[in-house]
Amino acid sequence: MKEDYLKIIFELGGSHKKVSNKEISLGLGIAAGSVTEMISKLADEGLVVHEPYAGISLTAKGQKYAAELVRKHRLWETFLVDKLNYNFADVHSEAEILEHQTSDRLATALDDYLQHPKHCPHGGVIPSANGKFPDVSHRLLADAEDGEEVELERFLDNHELLTYLEELQLRPSETVKVIRHEPFEGPIVIEKDGSDKKINVSYKAAHNIFIK
C-alpha cells in the first residue's frame with residue numbers, strides 16, 4: 001500500500017512540485033482521511049515532505065524508491081502488452097505483483113529485451129536504471145479550457161480508469177477538443193480529432209488524464 005502512494009505521488013509530479021491530498025485521493029480512489037494517515041507515515045520514514053495547506057512532495061530518498069518501482073512496473077506492462085498480447089486495461093494488476101519480485105538485474109535484462117522503451121502502454125514515462133526520467137506534462141484534462149484542442153499524453157496507472165478509458169476508446173497520443181465542462185463536478189465533454197461524436201469523460205477520470 002505504501003508503494004501505491006509513492007507511485008501515485010511520482011505520477012502526479014511530486015518529484016518537482018507539490019501534490020494535494022485531493023489529487024492523491026482521486027488517483028487512488030480512496031477517502032481523503034486515509035490519504036492523510038498514510039502521508040504521515042511516509043513523512044516519518046523520510047520518503048515525503050508534507051507542508052500543511054501547500055502539499056506533498058517526494059524527498060530524494062522517496063523519489064529514488066518511487067522511480068525504481070515505477071520503472072519495474074512499466075517495463076512489465078510493456079512486456080505484457082507488446083509480447084504477450086495482454087489487453088491495455090488488464091496489465092496493471094499483473095505488473096503490480098511482478099514489480100515486487102523483480103531484481104535490478106532482471107529489470108535491466110527486461111529493458112534490454114524490450115529495446116529500451118521510453119513509455120508504457122498508457123503513456124507513462126519509464127525511468128532509466130539510475131532513476132532519471134524526462135519532464136512530462138502534469139496538466140490535467142479537467143484543467144483544459146472549453147474549445148481547447150489538446151493531446152492526451154498519459155493516463156494514471158489505475159485498472160478501473162484504464163478499463164473505463166478502453167470502453168470510451170481513448171488512447172495516449174490522440175488529439176481531442178474540449179467542448180464543455182458540465183457543472184457540479186459533471187463530465188467533461190470532448191470530441192476526438194476528425195470525429196463529431198461527443199464523448200463524456202467523468203469528472204474523476206478527467207483528473208487522472210494528463211494532456212499537453
# chains A, B, ... in the order shown; residues from 1 in each chain; ligands from 1

$ select_by_dssp --residues "chain A" --states "helix (DSSP H, G or I)" --output "count of residues only"
92

$ residues_around --residues "A:Tyr65" --least-positions-apart "2" --cutoff "9 Å" --atoms "only C-alpha atoms" --output "number ranges by chain"
A: 3, 6-7, 47, 60-63, 67-70, 131

$ closest_residue --among "A:Ala89, A:Val136, A:Leu75, A:Ile97" --to "A:Asp112" --atoms "only C-alpha atoms"
A:Leu75

$ atom_distance --atom1 "atom CA of A:Lys192" --atom2 "atom CA of A:Asp90"
23.7 Å

$ closest_residue --among "A:Glu149, A:Lys18, A:Ile39, A:Ala32" --to "A:Tyr5" --atoms "only C-alpha atoms"
A:Ile39

$ closest_residue --among "A:Glu96, A:Leu140, A:Glu37, A:Phe79" --to "A:Lys204" --atoms "only C-alpha atoms"
A:Leu140

$ closest_residue --among "A:Lys64, A:Leu141, A:Lys72, A:Asn130" --to "A:Ala107" --atoms "only C-alpha atoms"
A:Lys72

$ atom_distance --atom1 "atom CA of A:Glu148" --atom2 "atom CA of A:Ser173"
15.8 Å

$ closest_residue --among "A:Gly29, A:Ser20, A:Pro183, A:Trp76" --to "A:Val49" --atoms "only C-alpha atoms"
A:Ser20

$ closest_residue --among "A:Ala205, A:Leu168, A:Ala142, A:Ala43" --to "A:His181" --atoms "only C-alpha atoms"
A:Ala142

$ residues_around --residues "stretch 156-159 of chain A" --least-positions-apart "2" --cutoff "6 Å" --atoms "only C-alpha atoms" --output "PyMOL selection string"
chain A and resi 92+161-162+208

$ write_last_selection --atoms "C-alpha atoms" --output "PDB file, in the first residue's frame"
ATOM      1  CA  HIS A  92      -1.855  -3.145 -14.113  1.00  0.00           C
ATOM      2  CA  LEU A 161      -9.532   4.001 -15.033  1.00  0.00           C
ATOM      3  CA  LEU A 162      -7.814   2.124 -17.867  1.00  0.00           C
ATOM      4  CA  ASN A 208      -6.446  11.187 -13.978  1.00  0.00           C
TER       5      ASN A 208
END

$ atom_distance --atom1 "atom CA of A:Glu191" --atom2 "atom CA of A:Lys177"
5.2 Å

$ residues_around --residues "A:Leu170" --least-positions-apart "4" --cutoff "10 Å" --atoms "only C-alpha atoms" --output "tab-separated table (two decimals) with N, CA, C and O atoms, in the first residue's frame"
chain	number	residue	atom	x	y	z
A	152	LEU	N	-3.81	13.94	-25.62
A	152	LEU	CA	-3.81	13.08	-24.43
A	152	LEU	C	-2.41	12.50	-24.29
A	152	LEU	O	-1.95	11.78	-25.17
A	155	PHE	N	-2.15	8.36	-19.07
A	155	PHE	CA	-3.24	8.07	-18.14
A	155	PHE	C	-2.64	7.56	-16.84
A	155	PHE	O	-1.66	6.82	-16.86
A	162	LEU	N	-8.23	2.61	-16.55
A	162	LEU	CA	-7.81	2.12	-17.87
A	162	LEU	C	-8.93	1.32	-18.54
A	162	LEU	O	-9.13	1.40	-19.75
A	164	TYR	N	-12.14	1.83	-18.04
A	164	TYR	CA	-13.12	2.86	-18.41
A	164	TYR	C	-12.71	3.57	-19.71
A	164	TYR	O	-13.51	3.74	-20.63
A	165	LEU	N	-11.43	3.94	-19.81
A	165	LEU	CA	-10.96	4.66	-21.00
A	165	LEU	C	-10.90	3.75	-22.22
A	165	LEU	O	-11.09	4.20	-23.35
A	166	GLU	N	-10.69	2.46	-21.98
A	166	GLU	CA	-10.74	1.49	-23.08
A	166	GLU	C	-12.16	1.43	-23.65
A	166	GLU	O	-12.37	1.39	-24.86
A	174	GLU	N	-3.68	10.66	-28.72
A	174	GLU	CA	-4.82	11.15	-29.51
A	174	GLU	C	-5.07	12.63	-29.21
A	174	GLU	O	-4.86	13.09	-28.09
A	175	THR	N	-5.53	13.35	-30.24
A	175	THR	CA	-5.89	14.76	-30.07
A	175	THR	C	-7.40	14.86	-29.89
A	175	THR	O	-8.16	14.22	-30.62
A	176	VAL	N	-7.81	15.64	-28.90
A	176	VAL	CA	-9.25	15.82	-28.65
A	176	VAL	C	-9.55	17.31	-28.47
A	176	VAL	O	-8.66	18.09	-28.12
A	192	LYS	N	-13.13	13.59	-30.36
A	192	LYS	CA	-11.85	13.15	-30.90
A	192	LYS	C	-11.58	13.87	-32.20
A	192	LYS	O	-12.51	14.23	-32.93
A	199	ILE	N	-17.96	12.65	-26.53
A	199	ILE	CA	-17.61	11.65	-25.52
A	199	ILE	C	-17.65	12.32	-24.16
A	199	ILE	O	-17.03	13.37	-23.96
A	201	VAL	N	-16.42	12.30	-20.52
A	201	VAL	CA	-15.38	11.76	-19.64
A	201	VAL	C	-15.70	12.19	-18.21
A	201	VAL	O	-15.85	13.38	-17.94

$ residues_around --residues "A:Thr78" --least-positions-apart "2" --cutoff "10 Å" --atoms "only C-alpha atoms" --output "ChimeraX atom specification"
/A:73-76,80-86,88,91,95,110-111,114,117-122,126
